[in-house]
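Only one structure is covered here, and it is reproduced in the block below.
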Amino acid sequence: MNYRHAYHAGNFADVLKHLVLTLVIEHLKLKPAPFRVIDTHAGTGLYDLTGIEAQKTGEWLSGIGRIRAEPFSPDVAEILAPYLACIQSENPDGTLARYPGSPLIARSLLRANDVLVVNELHPQDHAELAGLFARDNQTKVLHLDGWTALKSLLPPKERRGVILVDPPFEEAGELERLVSGLKDVERRFATGTVILWYPIKAPRALDRFYTAIAALNLDKILVTELFIREPTDPGVLNGTGLVIFNPPFTLAGKLRTALPALTTRLACDPGAFHVLDTRCPPARP
Ligand SMILES: C[S@@+](CC[C@H](N)C(=O)[O-])C[C@H]1O[C@@H](n2cnc3c(N)ncnc32)[C@H](O)[C@@H]1O
């Protein structure tokens, strides 16, 4: 296990993933019944943007750094508000020095009866994560293989909730595991929302993944992707993708409003574009 999220925290992929996570959680909060957030590949939960790892790549500068650099139009700002409030609460003096990962973002949005389950396999990252939530009786921290955790935690007793599946893609077969993970969730917790993350280097490498997702014949999915440049070099991270199963009915509309502004802000060249579709494979511009 070589992947450490500290090198990548706050990059453009985190921005889209964490925005979607906040929008899903905010939607769950519209009903009083408690819900559960499950994060199968959680990371450490909080990242020091002044630390060696973040400084080495500087990825956050062209991600959350750009998002915070200037205000957005009021309609986009309203959609980003819960996400940006989480970032602000970790940086109360206004200087961006810490970036909350998905566990802390989710935790900051929970009400008193909601539950968070976070799982991380890397021993050091797990220890940091466990330390972060040591005195929190609403958060359970696990040290399991994420794919095993996914099966063993379903269905949640609240029968409402969201599962984030965000593996590091350092081993072959992660796309196939995403598909079988989604199948497992659909079988055990058909009403739950699932957010699957995937990296995009060469778009054609995703063809089999899209075909496998389509073959699951799921009623309600939303696919969103953000490319920060024209994907001509298959050796770099050109885009970020999310498949969302059982998305809140408001999510597509919110992303339709926010994605053009996010794409413009995060673009590295004029070939940047975004994708939003309820079909898989999604239609690209
Ligand atoms: C992309 S990072 C997670 C980032 C986090 N979800 C966030 O948004 O802040 C992926 C994490 O998965 C962990 N990991 C790698 N293999 C794993 C496995 N088999 N089970 C659980 N966690 C694993 C890595 O150590 C890493 O911290």
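We name chains A, B, ... following the order of the structure tokens; residues begin at 1 in each chain, and ligands are numbered from 1 as shown.
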Extract, using only C-alpha atoms, all DNA, RNA and protein residues at most 10 Å from segment 88-94 of chain A, discarding same-chain residues fewer than 5 positions from it, and format them as an mmCIF file with all heavy atoms, in the first residue's frame.
```cif
data_model
loop_
_atom_site.group_PDB
_atom_site.id
_atom_site.type_symbol
_atom_site.label_atom_id
_atom_site.label_comp_id
_atom_site.auth_asym_id
_atom_site.auth_seq_id
_atom_site.Cartn_x
_atom_site.Cartn_y
_atom_site.Cartn_z
ATOM 1 N N LEU A 46 -8.026 14.307 7.720
ATOM 2 C CA LEU A 46 -7.648 15.723 7.749
ATOM 3 C C LEU A 46 -6.216 15.849 7.230
ATOM 4 O O LEU A 46 -5.350 15.051 7.609
ATOM 5 C CB LEU A 46 -7.734 16.254 9.188
ATOM 6 C CG LEU A 46 -7.392 17.742 9.374
ATOM 7 C CD1 LEU A 46 -8.367 18.631 8.608
ATOM 8 C CD2 LEU A 46 -7.437 18.106 10.864
ATOM 9 N N ARG A 68 -11.365 28.569 -3.846
ATOM 10 C CA ARG A 68 -11.499 29.596 -2.791
ATOM 11 C C ARG A 68 -10.948 30.964 -3.215
ATOM 12 O O ARG A 68 -11.105 31.951 -2.491
ATOM 13 C CB ARG A 68 -10.726 29.125 -1.546
ATOM 14 C CG ARG A 68 -11.328 27.888 -0.885
ATOM 15 C CD ARG A 68 -11.663 28.103 0.522
ATOM 16 N NE ARG A 68 -10.688 28.909 1.242
ATOM 17 C CZ ARG A 68 -10.767 29.185 2.520
ATOM 18 N NH1 ARG A 68 -11.760 28.716 3.234
ATOM 19 N NH2 ARG A 68 -9.852 29.916 3.118
ATOM 20 N N PRO A 82 -22.452 24.389 1.473
ATOM 21 C CA PRO A 82 -22.177 23.417 2.552
ATOM 22 C C PRO A 82 -20.741 22.867 2.469
ATOM 23 O O PRO A 82 -20.087 22.661 3.495
ATOM 24 C CB PRO A 82 -23.187 22.286 2.310
ATOM 25 C CG PRO A 82 -24.190 22.830 1.363
ATOM 26 C CD PRO A 82 -23.570 23.943 0.602
ATOM 27 N N TYR A 83 -20.246 22.645 1.245
ATOM 28 C CA TYR A 83 -18.873 22.158 1.065
ATOM 29 C C TYR A 83 -17.870 23.203 1.548
ATOM 30 O O TYR A 83 -16.966 22.910 2.342
ATOM 31 C CB TYR A 83 -18.675 21.817 -0.412
ATOM 32 C CG TYR A 83 -17.247 21.566 -0.843
ATOM 33 C CD1 TYR A 83 -16.446 20.640 -0.167
ATOM 34 C CD2 TYR A 83 -16.704 22.237 -1.940
ATOM 35 C CE1 TYR A 83 -15.134 20.413 -0.577
ATOM 36 C CE2 TYR A 83 -15.404 22.009 -2.349
ATOM 37 C CZ TYR A 83 -14.622 21.101 -1.663
ATOM 38 O OH TYR A 83 -13.322 20.870 -2.058
ATOM 39 N N TYR A 99 -7.032 20.724 4.951
ATOM 40 C CA TYR A 99 -8.116 20.290 4.082
ATOM 41 C C TYR A 99 -8.797 19.072 4.704
ATOM 42 O O TYR A 99 -8.133 18.045 4.950
ATOM 43 C CB TYR A 99 -7.596 19.940 2.682
ATOM 44 C CG TYR A 99 -8.740 19.622 1.740
ATOM 45 C CD1 TYR A 99 -9.470 20.653 1.148
ATOM 46 C CD2 TYR A 99 -9.127 18.316 1.506
ATOM 47 C CE1 TYR A 99 -10.558 20.380 0.328
ATOM 48 C CE2 TYR A 99 -10.215 18.028 0.687
ATOM 49 C CZ TYR A 99 -10.925 19.067 0.104
ATOM 50 O OH TYR A 99 -12.013 18.797 -0.698
ATOM 51 N N PRO A 100 -10.101 19.161 4.974
ATOM 52 C CA PRO A 100 -10.796 18.006 5.550
ATOM 53 C C PRO A 100 -11.059 16.953 4.489
ATOM 54 O O PRO A 100 -11.510 17.274 3.389
ATOM 55 C CB PRO A 100 -12.100 18.613 6.070
ATOM 56 C CG PRO A 100 -12.337 19.821 5.230
ATOM 57 C CD PRO A 100 -10.989 20.316 4.759
ATOM 58 N N LEU A 104 -14.231 13.817 7.674
ATOM 59 C CA LEU A 104 -14.490 15.035 8.442
ATOM 60 C C LEU A 104 -15.571 15.893 7.775
ATOM 61 O O LEU A 104 -16.374 16.536 8.457
ATOM 62 C CB LEU A 104 -13.185 15.828 8.581
ATOM 63 C CG LEU A 104 -13.031 16.665 9.839
ATOM 64 C CD1 LEU A 104 -13.328 15.867 11.098
ATOM 65 C CD2 LEU A 104 -11.622 17.236 9.913
ATOM 66 N N ILE A 105 -15.603 15.877 6.453
ATOM 67 C CA ILE A 105 -16.655 16.614 5.740
ATOM 68 C C ILE A 105 -18.018 16.011 6.106
ATOM 69 O O ILE A 105 -18.952 16.721 6.482
ATOM 70 C CB ILE A 105 -16.405 16.589 4.220
ATOM 71 C CG1 ILE A 105 -15.195 17.479 3.898
ATOM 72 C CG2 ILE A 105 -17.645 17.038 3.448
ATOM 73 C CD1 ILE A 105 -14.776 17.492 2.445
ATOM 74 N N SER A 108 -19.013 16.752 9.750
ATOM 75 C CA SER A 108 -19.414 18.129 10.045
ATOM 76 C C SER A 108 -20.872 18.390 9.658
ATOM 77 O O SER A 108 -21.451 19.371 10.101
ATOM 78 C CB SER A 108 -18.486 19.115 9.326
ATOM 79 O OG SER A 108 -18.777 19.116 7.945
#
```
Discussion item. List as a list in words the protein and nucleic acid residues lying within 6 Å of ligand 1, with only C-alpha atoms and all ligand atoms counted.
Written reply: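 Residues satisfying the distance criterion: Tyr3, Arg4, His5, His41, Ala42, Gly43, Gly45, Gly101, Ser102, Glu120, Leu121, His122, Asp145, Gly146, Asp166, Pro167 and Pro168 of chain A.
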Could you save those same residues with N, CA, C and O atoms as a PDB file, in the first residue's frame?
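Final file, result_29.pdb:
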```pdb
ATOM      1  N   TYR A   3      -0.088   4.189  -1.772  1.00  0.00           N
ATOM      2  CA  TYR A   3      -0.859   5.416  -1.986  1.00  0.00           C
ATOM      3  C   TYR A   3      -1.066   6.166  -0.667  1.00  0.00           C
ATOM      4  O   TYR A   3      -1.492   5.591   0.327  1.00  0.00           O
ATOM      5  N   ARG A   4      -0.772   7.457  -0.663  1.00  0.00           N
ATOM      6  CA  ARG A   4      -1.085   8.300   0.507  1.00  0.00           C
ATOM      7  C   ARG A   4      -1.878   9.505  -0.004  1.00  0.00           C
ATOM      8  O   ARG A   4      -1.377  10.268  -0.845  1.00  0.00           O
ATOM      9  N   HIS A   5      -3.044   9.681   0.544  1.00  0.00           N
ATOM     10  CA  HIS A   5      -3.893  10.762   0.036  1.00  0.00           C
ATOM     11  C   HIS A   5      -3.352  12.152   0.392  1.00  0.00           C
ATOM     12  O   HIS A   5      -3.750  13.151  -0.232  1.00  0.00           O
ATOM     13  N   HIS A  41     -13.069   3.721   2.042  1.00  0.00           N
ATOM     14  CA  HIS A  41     -11.626   4.002   1.856  1.00  0.00           C
ATOM     15  C   HIS A  41     -11.434   5.449   2.316  1.00  0.00           C
ATOM     16  O   HIS A  41     -11.470   6.380   1.511  1.00  0.00           O
ATOM     17  N   ALA A  42     -11.254   5.626   3.607  1.00  0.00           N
ATOM     18  CA  ALA A  42     -11.496   6.945   4.214  1.00  0.00           C
ATOM     19  C   ALA A  42     -10.289   7.871   4.253  1.00  0.00           C
ATOM     20  O   ALA A  42     -10.445   9.079   4.390  1.00  0.00           O
ATOM     21  N   GLY A  43      -9.065   7.334   4.206  1.00  0.00           N
ATOM     22  CA  GLY A  43      -7.886   8.195   4.369  1.00  0.00           C
ATOM     23  C   GLY A  43      -7.715   8.596   5.830  1.00  0.00           C
ATOM     24  O   GLY A  43      -8.270   7.964   6.739  1.00  0.00           O
ATOM     25  N   GLY A  45      -8.569  11.617   7.126  1.00  0.00           N
ATOM     26  CA  GLY A  45      -9.651  12.492   7.584  1.00  0.00           C
ATOM     27  C   GLY A  45      -9.308  13.964   7.590  1.00  0.00           C
ATOM     28  O   GLY A  45     -10.188  14.804   7.469  1.00  0.00           O
ATOM     29  N   GLY A 101     -10.782  15.709   4.799  1.00  0.00           N
ATOM     30  CA  GLY A 101     -11.113  14.615   3.892  1.00  0.00           C
ATOM     31  C   GLY A 101     -12.581  14.242   4.051  1.00  0.00           C
ATOM     32  O   GLY A 101     -13.323  14.845   4.846  1.00  0.00           O
ATOM     33  N   SER A 102     -12.997  13.223   3.289  1.00  0.00           N
ATOM     34  CA  SER A 102     -14.414  12.852   3.293  1.00  0.00           C
ATOM     35  C   SER A 102     -14.950  12.532   4.699  1.00  0.00           C
ATOM     36  O   SER A 102     -16.099  12.890   4.997  1.00  0.00           O
ATOM     37  N   GLU A 120     -10.423   2.435   7.016  1.00  0.00           N
ATOM     38  CA  GLU A 120      -9.145   2.702   6.348  1.00  0.00           C
ATOM     39  C   GLU A 120      -8.199   1.543   6.655  1.00  0.00           C
ATOM     40  O   GLU A 120      -8.054   1.139   7.806  1.00  0.00           O
ATOM     41  N   LEU A 121      -7.532   1.038   5.620  1.00  0.00           N
ATOM     42  CA  LEU A 121      -6.673  -0.136   5.792  1.00  0.00           C
ATOM     43  C   LEU A 121      -5.220   0.211   6.108  1.00  0.00           C
ATOM     44  O   LEU A 121      -4.538  -0.527   6.821  1.00  0.00           O
ATOM     45  N   HIS A 122      -4.716   1.304   5.580  1.00  0.00           N
ATOM     46  CA  HIS A 122      -3.302   1.640   5.804  1.00  0.00           C
ATOM     47  C   HIS A 122      -3.082   1.880   7.307  1.00  0.00           C
ATOM     48  O   HIS A 122      -3.771   2.719   7.912  1.00  0.00           O
ATOM     49  N   ASP A 145     -10.284  -4.329   5.148  1.00  0.00           N
ATOM     50  CA  ASP A 145     -10.244  -4.141   3.700  1.00  0.00           C
ATOM     51  C   ASP A 145     -11.584  -3.486   3.310  1.00  0.00           C
ATOM     52  O   ASP A 145     -12.654  -3.922   3.750  1.00  0.00           O
ATOM     53  N   GLY A 146     -11.518  -2.434   2.506  1.00  0.00           N
ATOM     54  CA  GLY A 146     -12.721  -1.669   2.176  1.00  0.00           C
ATOM     55  C   GLY A 146     -13.797  -2.490   1.499  1.00  0.00           C
ATOM     56  O   GLY A 146     -14.992  -2.267   1.710  1.00  0.00           O
ATOM     57  N   ASP A 166     -14.125   4.979  -2.519  1.00  0.00           N
ATOM     58  CA  ASP A 166     -13.104   5.866  -3.078  1.00  0.00           C
ATOM     59  C   ASP A 166     -11.713   5.209  -2.970  1.00  0.00           C
ATOM     60  O   ASP A 166     -10.856   5.688  -2.224  1.00  0.00           O
ATOM     61  N   PRO A 167     -11.515   4.108  -3.730  1.00  0.00           N
ATOM     62  CA  PRO A 167     -10.252   3.374  -3.608  1.00  0.00           C
ATOM     63  C   PRO A 167      -9.091   4.118  -4.271  1.00  0.00           C
ATOM     64  O   PRO A 167      -9.317   5.037  -5.066  1.00  0.00           O
ATOM     65  N   PRO A 168      -7.845   3.708  -3.966  1.00  0.00           N
ATOM     66  CA  PRO A 168      -6.693   4.447  -4.477  1.00  0.00           C
ATOM     67  C   PRO A 168      -6.289   4.104  -5.912  1.00  0.00           C
ATOM     68  O   PRO A 168      -5.442   4.778  -6.479  1.00  0.00           O
TER      69      PRO A 168
END
```
Discussion item. If we count only C-alpha atoms and set the cut-off at 10 Å, which residues sit around Lys254 of chain A, ignoring sequence neighbours fewer than 2 positions away in its own chain? Please answer as a list in words.
Written reply: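 The residues that qualify are Val20, Leu23, Asp75, Val76, Glu78, Ile79, Leu80, Phe249, Thr250, Leu251, Ala252, Arg256, Thr257, Ala258 and Leu259 of chain A.
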Output file for the residues above (N, CA, C and O atoms, as a PDB file, in the first residue's frame):
```pdb
ATOM      1  N   VAL A  20     -20.174  16.611  -4.238  1.00  0.00           N
ATOM      2  CA  VAL A  20     -21.291  15.674  -4.405  1.00  0.00           C
ATOM      3  C   VAL A  20     -21.658  15.042  -3.064  1.00  0.00           C
ATOM      4  O   VAL A  20     -22.841  14.923  -2.708  1.00  0.00           O
ATOM      5  N   LEU A  23     -23.730  17.432  -1.074  1.00  0.00           N
ATOM      6  CA  LEU A  23     -25.085  17.620  -1.626  1.00  0.00           C
ATOM      7  C   LEU A  23     -25.971  16.415  -1.300  1.00  0.00           C
ATOM      8  O   LEU A  23     -27.160  16.564  -1.008  1.00  0.00           O
ATOM      9  N   ASP A  75     -25.949  31.795  -7.667  1.00  0.00           N
ATOM     10  CA  ASP A  75     -26.589  30.473  -7.817  1.00  0.00           C
ATOM     11  C   ASP A  75     -25.590  29.341  -7.600  1.00  0.00           C
ATOM     12  O   ASP A  75     -25.886  28.318  -6.972  1.00  0.00           O
ATOM     13  N   VAL A  76     -24.346  29.526  -8.059  1.00  0.00           N
ATOM     14  CA  VAL A  76     -23.315  28.492  -7.866  1.00  0.00           C
ATOM     15  C   VAL A  76     -22.847  28.517  -6.406  1.00  0.00           C
ATOM     16  O   VAL A  76     -22.672  27.463  -5.766  1.00  0.00           O
ATOM     17  N   GLU A  78     -24.465  29.183  -3.794  1.00  0.00           N
ATOM     18  CA  GLU A  78     -25.447  28.538  -2.919  1.00  0.00           C
ATOM     19  C   GLU A  78     -25.254  27.010  -2.923  1.00  0.00           C
ATOM     20  O   GLU A  78     -25.363  26.350  -1.897  1.00  0.00           O
ATOM     21  N   ILE A  79     -24.933  26.467  -4.087  1.00  0.00           N
ATOM     22  CA  ILE A  79     -24.735  25.017  -4.202  1.00  0.00           C
ATOM     23  C   ILE A  79     -23.439  24.590  -3.508  1.00  0.00           C
ATOM     24  O   ILE A  79     -23.357  23.539  -2.877  1.00  0.00           O
ATOM     25  N   LEU A  80     -22.430  25.424  -3.606  1.00  0.00           N
ATOM     26  CA  LEU A  80     -21.130  25.097  -3.000  1.00  0.00           C
ATOM     27  C   LEU A  80     -21.087  25.375  -1.491  1.00  0.00           C
ATOM     28  O   LEU A  80     -20.154  24.934  -0.802  1.00  0.00           O
ATOM     29  N   PHE A 249     -33.018  13.447  -6.182  1.00  0.00           N
ATOM     30  CA  PHE A 249     -33.596  13.932  -7.453  1.00  0.00           C
ATOM     31  C   PHE A 249     -33.140  15.344  -7.789  1.00  0.00           C
ATOM     32  O   PHE A 249     -33.226  15.769  -8.932  1.00  0.00           O
ATOM     33  N   THR A 250     -32.624  16.065  -6.799  1.00  0.00           N
ATOM     34  CA  THR A 250     -32.167  17.440  -7.040  1.00  0.00           C
ATOM     35  C   THR A 250     -30.712  17.513  -7.507  1.00  0.00           C
ATOM     36  O   THR A 250     -30.233  18.578  -7.891  1.00  0.00           O
ATOM     37  N   LEU A 251     -30.001  16.391  -7.434  1.00  0.00           N
ATOM     38  CA  LEU A 251     -28.545  16.456  -7.654  1.00  0.00           C
ATOM     39  C   LEU A 251     -28.179  16.858  -9.088  1.00  0.00           C
ATOM     40  O   LEU A 251     -27.294  17.709  -9.296  1.00  0.00           O
ATOM     41  N   ALA A 252     -28.856  16.270 -10.068  1.00  0.00           N
ATOM     42  CA  ALA A 252     -28.499  16.577 -11.466  1.00  0.00           C
ATOM     43  C   ALA A 252     -28.661  18.071 -11.744  1.00  0.00           C
ATOM     44  O   ALA A 252     -27.802  18.696 -12.382  1.00  0.00           O
ATOM     45  N   ARG A 256     -25.792  20.565 -12.839  1.00  0.00           N
ATOM     46  CA  ARG A 256     -25.916  21.259 -14.124  1.00  0.00           C
ATOM     47  C   ARG A 256     -25.610  22.754 -13.950  1.00  0.00           C
ATOM     48  O   ARG A 256     -25.029  23.388 -14.822  1.00  0.00           O
ATOM     49  N   THR A 257     -25.969  23.293 -12.815  1.00  0.00           N
ATOM     50  CA  THR A 257     -25.682  24.710 -12.541  1.00  0.00           C
ATOM     51  C   THR A 257     -24.206  24.916 -12.189  1.00  0.00           C
ATOM     52  O   THR A 257     -23.577  25.871 -12.640  1.00  0.00           O
ATOM     53  N   ALA A 258     -23.661  24.006 -11.355  1.00  0.00           N
ATOM     54  CA  ALA A 258     -22.311  24.251 -10.812  1.00  0.00           C
ATOM     55  C   ALA A 258     -21.188  23.826 -11.758  1.00  0.00           C
ATOM     56  O   ALA A 258     -20.113  24.446 -11.766  1.00  0.00           O
ATOM     57  N   LEU A 259     -21.408  22.770 -12.559  1.00  0.00           N
ATOM     58  CA  LEU A 259     -20.293  22.205 -13.334  1.00  0.00           C
ATOM     59  C   LEU A 259     -19.643  23.182 -14.322  1.00  0.00           C
ATOM     60  O   LEU A 259     -18.405  23.193 -14.425  1.00  0.00           O
TER      61      LEU A 259
END
```
Item to complete: Can you check which residues of segment 54-186 of chain A DSSP gives as helix (DSSP H, G or I) on the backbone and send them as a PyMOL selection string?
Response: chain A and resi 54-57+59-62+64-69+74-90+102-109+123-132+146-152+174-186
Spatial neighbours of segment 212-215 of chain A, max dist 10 Å, only C-alpha atoms, sep filter under 2 positions, as an mmCIF file with C-alpha atoms, in the first residue's frame:
```
data_model
loop_
_atom_site.group_PDB
_atom_site.id
_atom_site.type_symbol
_atom_site.label_atom_id
_atom_site.label_comp_id
_atom_site.auth_asym_id
_atom_site.auth_seq_id
_atom_site.Cartn_x
_atom_site.Cartn_y
_atom_site.Cartn_z
ATOM 1 C CA LEU A 175 -12.729 -0.719 -11.736
ATOM 2 C CA GLU A 176 -14.051 -4.297 -11.703
ATOM 3 C CA LEU A 178 -16.224 -0.930 -8.098
ATOM 4 C CA VAL A 179 -18.765 -2.687 -10.301
ATOM 5 C CA SER A 180 -19.046 -5.717 -8.040
ATOM 6 C CA LEU A 182 -22.109 -1.572 -6.560
ATOM 7 C CA LYS A 183 -23.815 -4.877 -7.271
ATOM 8 C CA LEU A 206 -13.168 3.122 -19.194
ATOM 9 C CA ASP A 207 -15.185 1.458 -21.965
ATOM 10 C CA ARG A 208 -15.415 -1.921 -20.214
ATOM 11 C CA PHE A 209 -16.279 -0.250 -16.910
ATOM 12 C CA TYR A 210 -19.184 1.648 -18.511
ATOM 13 C CA ASN A 217 -29.523 -2.372 -15.359
ATOM 14 C CA LEU A 218 -29.866 0.019 -12.478
ATOM 15 C CA ILE A 221 -27.824 6.446 -11.846
ATOM 16 C CA VAL A 243 -21.088 7.135 -10.719
ATOM 17 C CA ARG A 279 -26.901 6.910 -18.921
ATOM 18 C CA CYS A 280 -23.754 4.857 -18.963
ATOM 19 C CA PRO A 281 -21.606 5.375 -20.991
#
```
Worksheet item: Of the residues A:Ala6, A:Val165, A:Val37, A:Ile67, which is the one nearest to Leu49 of chain A, using only C-alpha atoms?
Response: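 So, comparing all the options, the nearest one is A:Ala6.
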Practice prompt. With a distance cut-off of 10 Å and only C-alpha atoms, select the neighbouring residues of Pro32 of chain A, excluding the residue or stretch itself and same-chain residues fewer than 5 positions from it, and output the selection as a ChimeraX atom specification.
Written response: /A:111,113-114
Once you have the residues from the selection above, write them out as a compact mmCIF listing (two decimals), in the first residue's frame, restricted to all heavy atoms.
```
# COMPACT_ATOMS: atom_id res chain seq x y z
N ARG A 111 -26.39 15.32 11.94
CA ARG A 111 -27.19 15.76 13.07
C ARG A 111 -26.95 14.80 14.23
O ARG A 111 -26.23 13.80 14.07
CB ARG A 111 -28.67 15.76 12.68
CG ARG A 111 -28.95 16.60 11.43
CD ARG A 111 -30.26 16.25 10.78
NE ARG A 111 -30.33 14.84 10.42
CZ ARG A 111 -31.36 14.26 9.82
NH1 ARG A 111 -32.41 14.99 9.48
NH2 ARG A 111 -31.36 12.97 9.53
N ASN A 113 -28.51 12.41 15.64
CA ASN A 113 -28.85 10.98 15.57
C ASN A 113 -28.26 10.26 14.36
O ASN A 113 -28.50 9.07 14.17
CB ASN A 113 -30.38 10.80 15.51
CG ASN A 113 -31.02 11.24 16.79
OD1 ASN A 113 -30.39 11.15 17.85
ND2 ASN A 113 -32.24 11.75 16.69
N ASP A 114 -27.54 10.97 13.52
CA ASP A 114 -26.96 10.33 12.35
C ASP A 114 -25.63 9.67 12.74
O ASP A 114 -25.02 10.01 13.74
CB ASP A 114 -26.73 11.37 11.25
CG ASP A 114 -28.01 12.09 10.86
OD1 ASP A 114 -29.07 11.43 10.82
OD2 ASP A 114 -27.96 13.33 10.65
```
Fill in: Selected residue, from A:Leu255, A:Ala202, A:Leu266, A:Ala33, that lies nearest to Val236 of chain A when counting only C-alpha atoms
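Checking each candidate against Val236 of chain A, we get A:Ala202 as the closest.
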Worksheet item: With distances taken over only C-alpha atoms, which of A:Ala205, A:Leu216, A:Ile64, A:Leu276 is nearest to Ile87 of chain A?
Response: A:Ile64
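Across the structure, atom CA of Arg284 of chain A and atom CA of Thr211 of chain A are spaced 15.5 Å apart.
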Worksheet item: Could you write out, as a ChimeraX atom specification, all the residues of segment 28-270 of chain A that DSSP marks as strand (DSSP E)?
Response: /A:36-39,46-48,98-100,115-119,139-142,161-165,193-200,221-227,239-245
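The interatomic distance for the pair atom CA of Glu186 of chain A and atom CA of Lys220 of chain A works out to 11.0 Å.
Take the candidates A:Glu225, A:Asp277, A:Asp184, A:Asp219 and check each one against Thr263 of chain A using only C-alpha atoms; the shortest distance goes to A:Glu225.
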Worksheet item: What is the distance, in Å and to one decimal place, between atom CA of Phe35 of chain A and atom CA of Thr240 of chain A?
Response: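 Distance reported for this atom pair: 27.1 Å.
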Discussion item. Taking only C-alpha atoms into account, name the residue in A:Leu96, A:Ile200, A:Leu19, A:Leu144 that is nearest to Ala81 of chain A.
Written reply: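 Nearest candidate to Ala81 of chain A out of A:Leu96, A:Ile200, A:Leu19, A:Leu144: A:Leu19.
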Worksheet item: With distances taken over only C-alpha atoms, which of A:Gly65, A:Pro155, A:Gly253, A:Pro282 is nearest to Arg187 of chain A?
Response: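 Among the listed residues, the smallest separation from Arg187 of chain A belongs to A:Pro155.
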